[in-house]
Amino acid sequence: MAAAFRRVRKRCFTVLQQCSLRLTQTDASVKCSGDVKCSQLRKRGLLKVRGRDSVKFLQGLVTNDVEAFHNNVEQKAMYGMFLNANGRTLYDTVLYKSDGRGDLPAFFLECDVNAIPELTKHLKMFKLRSKVDIVHAEEYVPWAMFSMSGTLDLKNVSSTSDIKVLVKDPRIEQLGFRAVLPKGSSPCVCFEDVYETGDSFEYDVLRAKLGVCEGVDEIPPGNAMPLEYNIAYLNGVSFNKGCYLGQELIARTHHTGVIRKRTVPFKFMDPKADANHFEPGVRVRTSDEKAAGKVCMIYGQYGVGLMRLELVKKEEVLLIKNKEDKAMEVIASLPQWWPEDDHGLM
């Protein structure tokens, strides 16, 4: 009886999740629907890499194919990760094409703002004689434009706007658009009926519902395995490009096809739960104290955990202890945006 009740509750949660993230096409070239929002991503910052050798330089350090990205005139943004020599994630990044001077290619690298000093150091360590300039683009800031009810279609931005880059999020379409603007500007003024949020909390809730981590607080540098954080599902890795730093582990794991843990979204049964009630990285366990995973992030009632897929599929009761040592029940589910043939243990 208890197992049947859990299955029914799990199905209800999945249906509600699908409804809240239902894909709705919105033509925002003239006017956006009222639930379109934009948030300045204050936890993210920008580096600029420019120079004759910038494509070759980044190709040897980023998990995705920078050469193909550079040569594709239609593609304006690309997701990827920087790895260490052991194949563990150091920093997640979104690469944007920046207007180069003359024939010199140039890219914005969006990353966790607290990681900018270390990422700069990492890049300069491998620069050697490469003809590239690496600078902190402090005069620009990244933004997200999104809708809690589905996907967006923003286009035909005025040529007089301050928007430097406006592009669909290269990870999944439900995350909306990414934008790069001069500090002090807002993309909201370029569209009608777009609400600017005071912080990125609502956008972070959307990421939590989708099961998408970003930044060093959610993807621990030097420890996280890229495939467990769904880098392949998020269009962040090329398995056909040449060698790059950390390639061996990620290629071997991919070709063996064995990934027993992945980041998945969860929801607290108690609507009053929030991040302040829990220690960072708190463990997730079953009702019989079996290890199920750990928490990557919590925003309000929603979160993302690195979970054992076997237990998520079995719809086990999952518990997370708060700071008062009280076990709080959560429901974890496989994201709807995962490939259909990968909705299971790999």
# chains A, B, ... in the order shown; residues from 1 in each chain; ligands from 1
>>> residues_around(residues="region 112-125 of chain A", least_positions_apart="6", cutoff="7 Å", atoms="only C-alpha atoms", output="mmCIF file with all heavy atoms, in the first residue's frame")
data_model
loop_
_atom_site.group_PDB
_atom_site.id
_atom_site.type_symbol
_atom_site.label_atom_id
_atom_site.label_comp_id
_atom_site.auth_asym_id
_atom_site.auth_seq_id
_atom_site.Cartn_x
_atom_site.Cartn_y
_atom_site.Cartn_z
ATOM 1 N N LYS A 43 25.826 36.446 -9.760
ATOM 2 C CA LYS A 43 26.762 35.386 -9.357
ATOM 3 C C LYS A 43 27.632 34.929 -10.517
ATOM 4 O O LYS A 43 28.469 34.047 -10.354
ATOM 5 C CB LYS A 43 25.989 34.193 -8.785
ATOM 6 C CG LYS A 43 25.293 34.497 -7.463
ATOM 7 C CD LYS A 43 24.594 33.287 -6.900
ATOM 8 C CE LYS A 43 23.358 32.926 -7.694
ATOM 9 N NZ LYS A 43 22.574 31.839 -7.044
ATOM 10 N N ARG A 44 27.436 35.543 -11.694
ATOM 11 C CA ARG A 44 28.210 35.189 -12.871
ATOM 12 C C ARG A 44 28.997 36.416 -13.352
ATOM 13 O O ARG A 44 28.569 37.561 -13.168
ATOM 14 C CB ARG A 44 27.310 34.695 -14.005
ATOM 15 C CG ARG A 44 26.347 33.603 -13.626
ATOM 16 C CD ARG A 44 27.032 32.271 -13.430
ATOM 17 N NE ARG A 44 27.420 31.667 -14.703
ATOM 18 C CZ ARG A 44 28.049 30.504 -14.801
ATOM 19 N NH1 ARG A 44 28.385 29.827 -13.702
ATOM 20 N NH2 ARG A 44 28.364 30.016 -15.981
ATOM 21 N N GLY A 45 30.147 36.166 -13.958
ATOM 22 C CA GLY A 45 30.971 37.242 -14.477
ATOM 23 C C GLY A 45 31.504 36.868 -15.848
ATOM 24 O O GLY A 45 31.232 35.781 -16.372
ATOM 25 N N GLY A 215 27.998 27.044 -11.509
ATOM 26 C CA GLY A 215 28.787 27.754 -10.506
ATOM 27 C C GLY A 215 29.493 26.824 -9.540
ATOM 28 O O GLY A 215 29.148 25.654 -9.382
ATOM 29 N N VAL A 216 30.495 27.384 -8.850
ATOM 30 C CA VAL A 216 31.362 26.565 -7.999
ATOM 31 C C VAL A 216 30.660 26.078 -6.734
ATOM 32 O O VAL A 216 31.079 25.082 -6.141
ATOM 33 C CB VAL A 216 32.638 27.351 -7.625
ATOM 34 C CG1 VAL A 216 33.468 27.660 -8.862
ATOM 35 C CG2 VAL A 216 32.303 28.643 -6.882
#
>>> residues_around(residues="region 272-275 of chain A", least_positions_apart="6", cutoff="12 Å", atoms="only C-alpha atoms", output="list in words")
Phe201, Val205, Gly281, Val282, Val295, Cys296, Met297, Ile298, Tyr299, Gly300, Gln301, Tyr302, Gly303, Val304, Ile320, Lys321, Asn322, Lys323, Lys326, Ala327, Met328, Glu329 and Val330 of chain A
>>> residues_around(residues="Pro265 (chain A)", least_positions_apart="5", cutoff="9 Å", atoms="only C-alpha atoms", output="VMD selection string")
chain A and resid 207 to 212 302 to 306 331 to 335
>>> write_last_selection(atoms="all heavy atoms", output="mmCIF file, in the first residue's frame")
data_model
loop_
_atom_site.group_PDB
_atom_site.id
_atom_site.type_symbol
_atom_site.label_atom_id
_atom_site.label_comp_id
_atom_site.auth_asym_id
_atom_site.auth_seq_id
_atom_site.Cartn_x
_atom_site.Cartn_y
_atom_site.Cartn_z
ATOM 1 N N ARG A 207 15.986 26.869 -12.615
ATOM 2 C CA ARG A 207 17.088 25.913 -12.807
ATOM 3 C C ARG A 207 16.915 24.690 -11.910
ATOM 4 O O ARG A 207 17.167 23.555 -12.331
ATOM 5 C CB ARG A 207 18.430 26.581 -12.504
ATOM 6 C CG ARG A 207 18.921 27.541 -13.538
ATOM 7 C CD ARG A 207 20.396 27.856 -13.360
ATOM 8 N NE ARG A 207 20.725 28.445 -12.072
ATOM 9 C CZ ARG A 207 21.379 27.793 -11.109
ATOM 10 N NH1 ARG A 207 21.777 26.550 -11.281
ATOM 11 N NH2 ARG A 207 21.639 28.406 -9.956
ATOM 12 N N ALA A 208 16.485 24.934 -10.667
ATOM 13 C CA ALA A 208 16.282 23.820 -9.737
ATOM 14 C C ALA A 208 15.191 22.879 -10.241
ATOM 15 O O ALA A 208 15.341 21.653 -10.191
ATOM 16 C CB ALA A 208 15.941 24.352 -8.351
ATOM 17 N N LYS A 209 14.096 23.429 -10.733
ATOM 18 C CA LYS A 209 13.021 22.596 -11.266
ATOM 19 C C LYS A 209 13.484 21.760 -12.450
ATOM 20 O O LYS A 209 13.010 20.628 -12.653
ATOM 21 C CB LYS A 209 11.833 23.471 -11.686
ATOM 22 C CG LYS A 209 11.052 24.073 -10.536
ATOM 23 C CD LYS A 209 9.873 24.865 -11.065
ATOM 24 C CE LYS A 209 9.013 25.410 -9.930
ATOM 25 N NZ LYS A 209 7.834 26.148 -10.452
ATOM 26 N N LEU A 210 14.399 22.319 -13.229
ATOM 27 C CA LEU A 210 14.909 21.628 -14.411
ATOM 28 C C LEU A 210 16.069 20.691 -14.078
ATOM 29 O O LEU A 210 16.420 19.816 -14.876
ATOM 30 C CB LEU A 210 15.368 22.643 -15.461
ATOM 31 C CG LEU A 210 14.259 23.473 -16.103
ATOM 32 C CD1 LEU A 210 14.841 24.657 -16.869
ATOM 33 C CD2 LEU A 210 13.422 22.607 -17.038
ATOM 34 N N GLY A 211 16.697 20.886 -12.924
ATOM 35 C CA GLY A 211 17.827 20.046 -12.548
ATOM 36 C C GLY A 211 19.133 20.471 -13.173
ATOM 37 O O GLY A 211 19.968 19.617 -13.508
ATOM 38 N N VAL A 212 19.346 21.784 -13.327
ATOM 39 C CA VAL A 212 20.549 22.305 -13.979
ATOM 40 C C VAL A 212 21.399 23.064 -12.956
ATOM 41 O O VAL A 212 20.957 24.075 -12.398
ATOM 42 C CB VAL A 212 20.193 23.240 -15.155
ATOM 43 C CG1 VAL A 212 21.463 23.804 -15.789
ATOM 44 C CG2 VAL A 212 19.372 22.489 -16.193
ATOM 45 N N TYR A 302 12.433 23.762 -3.903
ATOM 46 C CA TYR A 302 13.026 22.947 -4.963
ATOM 47 C C TYR A 302 14.537 22.863 -4.807
ATOM 48 O O TYR A 302 15.177 23.752 -4.247
ATOM 49 C CB TYR A 302 12.667 23.531 -6.335
ATOM 50 C CG TYR A 302 11.181 23.569 -6.584
ATOM 51 C CD1 TYR A 302 10.427 24.689 -6.243
ATOM 52 C CD2 TYR A 302 10.526 22.476 -7.142
ATOM 53 C CE1 TYR A 302 9.050 24.714 -6.459
ATOM 54 C CE2 TYR A 302 9.163 22.494 -7.367
ATOM 55 C CZ TYR A 302 8.425 23.620 -7.022
ATOM 56 O OH TYR A 302 7.065 23.636 -7.225
ATOM 57 N N GLY A 303 15.093 21.797 -5.342
ATOM 58 C CA GLY A 303 16.532 21.622 -5.264
ATOM 59 C C GLY A 303 17.023 20.660 -6.322
ATOM 60 O O GLY A 303 16.254 20.089 -7.099
ATOM 61 N N VAL A 304 18.339 20.471 -6.336
ATOM 62 C CA VAL A 304 18.986 19.517 -7.237
ATOM 63 C C VAL A 304 19.945 18.684 -6.402
ATOM 64 O O VAL A 304 20.671 19.214 -5.549
ATOM 65 C CB VAL A 304 19.754 20.221 -8.373
ATOM 66 C CG1 VAL A 304 20.468 19.202 -9.260
ATOM 67 C CG2 VAL A 304 18.815 21.076 -9.207
ATOM 68 N N GLY A 305 19.933 17.394 -6.631
ATOM 69 C CA GLY A 305 20.833 16.508 -5.915
ATOM 70 C C GLY A 305 21.565 15.579 -6.861
ATOM 71 O O GLY A 305 21.040 15.219 -7.922
ATOM 72 N N LEU A 306 22.781 15.223 -6.499
ATOM 73 C CA LEU A 306 23.531 14.200 -7.228
ATOM 74 C C LEU A 306 23.081 12.860 -6.651
ATOM 75 O O LEU A 306 23.483 12.475 -5.553
ATOM 76 C CB LEU A 306 25.030 14.411 -7.055
ATOM 77 C CG LEU A 306 25.947 13.428 -7.779
ATOM 78 C CD1 LEU A 306 25.744 13.501 -9.294
ATOM 79 C CD2 LEU A 306 27.412 13.709 -7.436
ATOM 80 N N ILE A 331 10.827 14.360 -3.036
ATOM 81 C CA ILE A 331 10.517 13.530 -4.199
ATOM 82 C C ILE A 331 11.475 13.918 -5.310
ATOM 83 O O ILE A 331 11.524 15.089 -5.720
ATOM 84 C CB ILE A 331 9.065 13.733 -4.662
ATOM 85 C CG1 ILE A 331 8.091 13.275 -3.579
ATOM 86 C CG2 ILE A 331 8.810 12.962 -5.950
ATOM 87 C CD1 ILE A 331 6.640 13.482 -3.944
ATOM 88 N N ALA A 332 12.246 12.984 -5.785
ATOM 89 C CA ALA A 332 13.182 13.216 -6.886
ATOM 90 C C ALA A 332 12.617 12.614 -8.166
ATOM 91 O O ALA A 332 11.880 11.612 -8.130
ATOM 92 C CB ALA A 332 14.546 12.597 -6.572
ATOM 93 N N SER A 333 12.954 13.207 -9.310
ATOM 94 C CA SER A 333 12.436 12.717 -10.588
ATOM 95 C C SER A 333 13.461 12.951 -11.680
ATOM 96 O O SER A 333 14.339 13.816 -11.561
ATOM 97 C CB SER A 333 11.128 13.422 -10.949
ATOM 98 O OG SER A 333 11.350 14.817 -11.141
ATOM 99 N N LEU A 334 13.347 12.187 -12.755
ATOM 100 C CA LEU A 334 14.211 12.382 -13.912
ATOM 101 C C LEU A 334 13.662 13.539 -14.741
ATOM 102 O O LEU A 334 12.459 13.582 -15.023
ATOM 103 C CB LEU A 334 14.261 11.110 -14.768
ATOM 104 C CG LEU A 334 14.722 9.836 -14.064
ATOM 105 C CD1 LEU A 334 14.793 8.683 -15.063
ATOM 106 C CD2 LEU A 334 16.059 10.026 -13.379
ATOM 107 N N PRO A 335 14.503 14.486 -15.134
ATOM 108 C CA PRO A 335 14.020 15.656 -15.883
ATOM 109 C C PRO A 335 13.363 15.258 -17.204
ATOM 110 O O PRO A 335 13.812 14.343 -17.893
ATOM 111 C CB PRO A 335 15.296 16.465 -16.133
ATOM 112 C CG PRO A 335 16.240 16.032 -15.074
ATOM 113 C CD PRO A 335 15.946 14.580 -14.843
#
>>> select_by_dssp(residues="region 68-253 of chain A", states="helix (DSSP H, G or I)", output="MDAnalysis selection string")
chainID A and resid 68:71 113:127 173:175 187:190 201:210 226:229 247:253
>>> residues_around(residues="Asp169 (chain A)", least_positions_apart="3", cutoff="9 Å", atoms="only C-alpha atoms", output="list in words")
Ala77, Met78, Tyr79, Val94, Ala144, Ile172, Glu173, Gln174, Leu175, Gly176, Phe177 and Arg178 of chain A
>>> write_last_selection(atoms="N, CA, C and O atoms", output="PDB file, in the first residue's frame")
ATOM      1  N   ALA A  77      26.455  31.032 -29.178  1.00  0.00           N
ATOM      2  CA  ALA A  77      26.822  30.680 -27.807  1.00  0.00           C
ATOM      3  C   ALA A  77      27.062  29.181 -27.721  1.00  0.00           C
ATOM      4  O   ALA A  77      26.504  28.399 -28.498  1.00  0.00           O
ATOM      5  N   MET A  78      27.881  28.771 -26.770  1.00  0.00           N
ATOM      6  CA  MET A  78      28.213  27.361 -26.588  1.00  0.00           C
ATOM      7  C   MET A  78      28.511  27.105 -25.119  1.00  0.00           C
ATOM      8  O   MET A  78      29.162  27.910 -24.459  1.00  0.00           O
ATOM      9  N   TYR A  79      28.025  25.980 -24.609  1.00  0.00           N
ATOM     10  CA  TYR A  79      28.270  25.587 -23.228  1.00  0.00           C
ATOM     11  C   TYR A  79      29.456  24.628 -23.170  1.00  0.00           C
ATOM     12  O   TYR A  79      29.713  23.872 -24.110  1.00  0.00           O
ATOM     13  N   VAL A  94      29.843  29.450 -20.272  1.00  0.00           N
ATOM     14  CA  VAL A  94      29.111  29.697 -21.511  1.00  0.00           C
ATOM     15  C   VAL A  94      29.985  30.624 -22.349  1.00  0.00           C
ATOM     16  O   VAL A  94      30.395  31.692 -21.878  1.00  0.00           O
ATOM     17  N   ALA A 144      19.853  36.785 -17.743  1.00  0.00           N
ATOM     18  CA  ALA A 144      18.994  35.700 -18.209  1.00  0.00           C
ATOM     19  C   ALA A 144      17.598  36.262 -18.459  1.00  0.00           C
ATOM     20  O   ALA A 144      17.097  37.055 -17.661  1.00  0.00           O
ATOM     21  N   ILE A 172      19.657  24.091 -22.644  1.00  0.00           N
ATOM     22  CA  ILE A 172      18.318  23.618 -22.990  1.00  0.00           C
ATOM     23  C   ILE A 172      17.414  24.825 -23.183  1.00  0.00           C
ATOM     24  O   ILE A 172      17.593  25.860 -22.538  1.00  0.00           O
ATOM     25  N   GLU A 173      16.425  24.679 -24.057  1.00  0.00           N
ATOM     26  CA  GLU A 173      15.604  25.837 -24.428  1.00  0.00           C
ATOM     27  C   GLU A 173      14.732  26.330 -23.287  1.00  0.00           C
ATOM     28  O   GLU A 173      14.339  27.508 -23.265  1.00  0.00           O
ATOM     29  N   GLN A 174      14.412  25.455 -22.315  1.00  0.00           N
ATOM     30  CA  GLN A 174      13.557  25.885 -21.207  1.00  0.00           C
ATOM     31  C   GLN A 174      14.221  26.941 -20.327  1.00  0.00           C
ATOM     32  O   GLN A 174      13.548  27.605 -19.544  1.00  0.00           O
ATOM     33  N   LEU A 175      15.540  27.096 -20.447  1.00  0.00           N
ATOM     34  CA  LEU A 175      16.249  28.117 -19.668  1.00  0.00           C
ATOM     35  C   LEU A 175      16.146  29.509 -20.296  1.00  0.00           C
ATOM     36  O   LEU A 175      16.642  30.475 -19.726  1.00  0.00           O
ATOM     37  N   GLY A 176      15.514  29.611 -21.452  1.00  0.00           N
ATOM     38  CA  GLY A 176      15.299  30.922 -22.049  1.00  0.00           C
ATOM     39  C   GLY A 176      16.491  31.452 -22.812  1.00  0.00           C
ATOM     40  O   GLY A 176      17.157  30.722 -23.554  1.00  0.00           O
ATOM     41  N   PHE A 177      16.794  32.745 -22.603  1.00  0.00           N
ATOM     42  CA  PHE A 177      17.857  33.426 -23.330  1.00  0.00           C
ATOM     43  C   PHE A 177      18.934  33.919 -22.378  1.00  0.00           C
ATOM     44  O   PHE A 177      18.671  34.222 -21.219  1.00  0.00           O
ATOM     45  N   ARG A 178      20.142  34.017 -22.892  1.00  0.00           N
ATOM     46  CA  ARG A 178      21.247  34.673 -22.213  1.00  0.00           C
ATOM     47  C   ARG A 178      21.531  35.974 -22.956  1.00  0.00           C
ATOM     48  O   ARG A 178      21.399  36.064 -24.178  1.00  0.00           O
TER      49      ARG A 178
END
>>> select_by_dssp(residues="region 105-308 of chain A", states="strand (DSSP E)", output="ChimeraX atom specification")
/A:106-112,133-136,140-147,165-168,177-182,192-196,261-268,283-286,291-299,302-308
>>> atom_distance(atom1="CA of Leu109 (chain A)", atom2="CA of Ala179 (chain A)")
12.4 Å
>>> closest_residue(among="A:Ala292, A:Leu46, A:Cys213, A:Val55", to="Leu234 (chain A)", atoms="only C-alpha atoms")
A:Cys213
>>> closest_residue(among="A:Pro271, A:Gly60, A:Gly150, A:Pro182", to="Asp162 (chain A)", atoms="only C-alpha atoms")
A:Pro182
>>> residues_around(residues="Leu181 (chain A)", least_positions_apart="5", cutoff="8 Å", atoms="only C-alpha atoms", output="MDAnalysis selection string")
chainID A and resid 140:143 162:165 186:187
>>> atom_distance(atom1="CA of Glu310 (chain A)", atom2="CA of Asn276 (chain A)")
28.9 Å
>>> atom_distance(atom1="CA of Glu67 (chain A)", atom2="CA of Cys111 (chain A)")
20.1 Å
>>> closest_residue(among="A:Leu249, A:Ala137, A:Lys37, A:Gly198", to="Met225 (chain A)", atoms="only C-alpha atoms")
A:Leu249
>>> residues_around(residues="region 88-90 of chain A", least_positions_apart="4", cutoff="8 Å", atoms="only C-alpha atoms", output="PyMOL selection string")
chain A and resi 81-84+219-226+246
>>> write_last_selection(atoms="C-alpha atoms", output="PDB file, in the first residue's frame")
ATOM      1  CA  MET A  81      33.536  23.042 -18.944  1.00  0.00           C
ATOM      2  CA  PHE A  82      37.175  23.467 -18.013  1.00  0.00           C
ATOM      3  CA  LEU A  83      38.636  20.283 -16.500  1.00  0.00           C
ATOM      4  CA  ASN A  84      41.759  19.487 -14.539  1.00  0.00           C
ATOM      5  CA  ILE A 219      29.551  22.047  -9.161  1.00  0.00           C
ATOM      6  CA  PRO A 220      32.474  21.591  -6.727  1.00  0.00           C
ATOM      7  CA  PRO A 221      35.796  22.381  -8.466  1.00  0.00           C
ATOM      8  CA  GLY A 222      38.221  19.485  -8.658  1.00  0.00           C
ATOM      9  CA  ASN A 223      35.648  16.916  -7.488  1.00  0.00           C
ATOM     10  CA  ALA A 224      32.688  16.912  -9.880  1.00  0.00           C
ATOM     11  CA  MET A 225      32.619  14.405 -12.746  1.00  0.00           C
ATOM     12  CA  PRO A 226      31.256  16.231 -15.821  1.00  0.00           C
ATOM     13  CA  GLY A 246      41.109  16.086 -18.895  1.00  0.00           C
TER      14      GLY A 246
END
>>> closest_residue(among="A:Ser200, A:Thr253, A:Gln247, A:Lys76", to="Lys168 (chain A)", atoms="only C-alpha atoms")
A:Lys76
>>> residues_around(residues="Ala291 (chain A)", least_positions_apart="4", cutoff="10 Å", atoms="only C-alpha atoms", output="ChimeraX atom specification")
/A:283-287,307-308,311,318-319
>>> closest_residue(among="A:Ser149, A:Thr63, A:Asn72, A:Ser185", to="Glu248 (chain A)", atoms="only C-alpha atoms")
A:Thr63
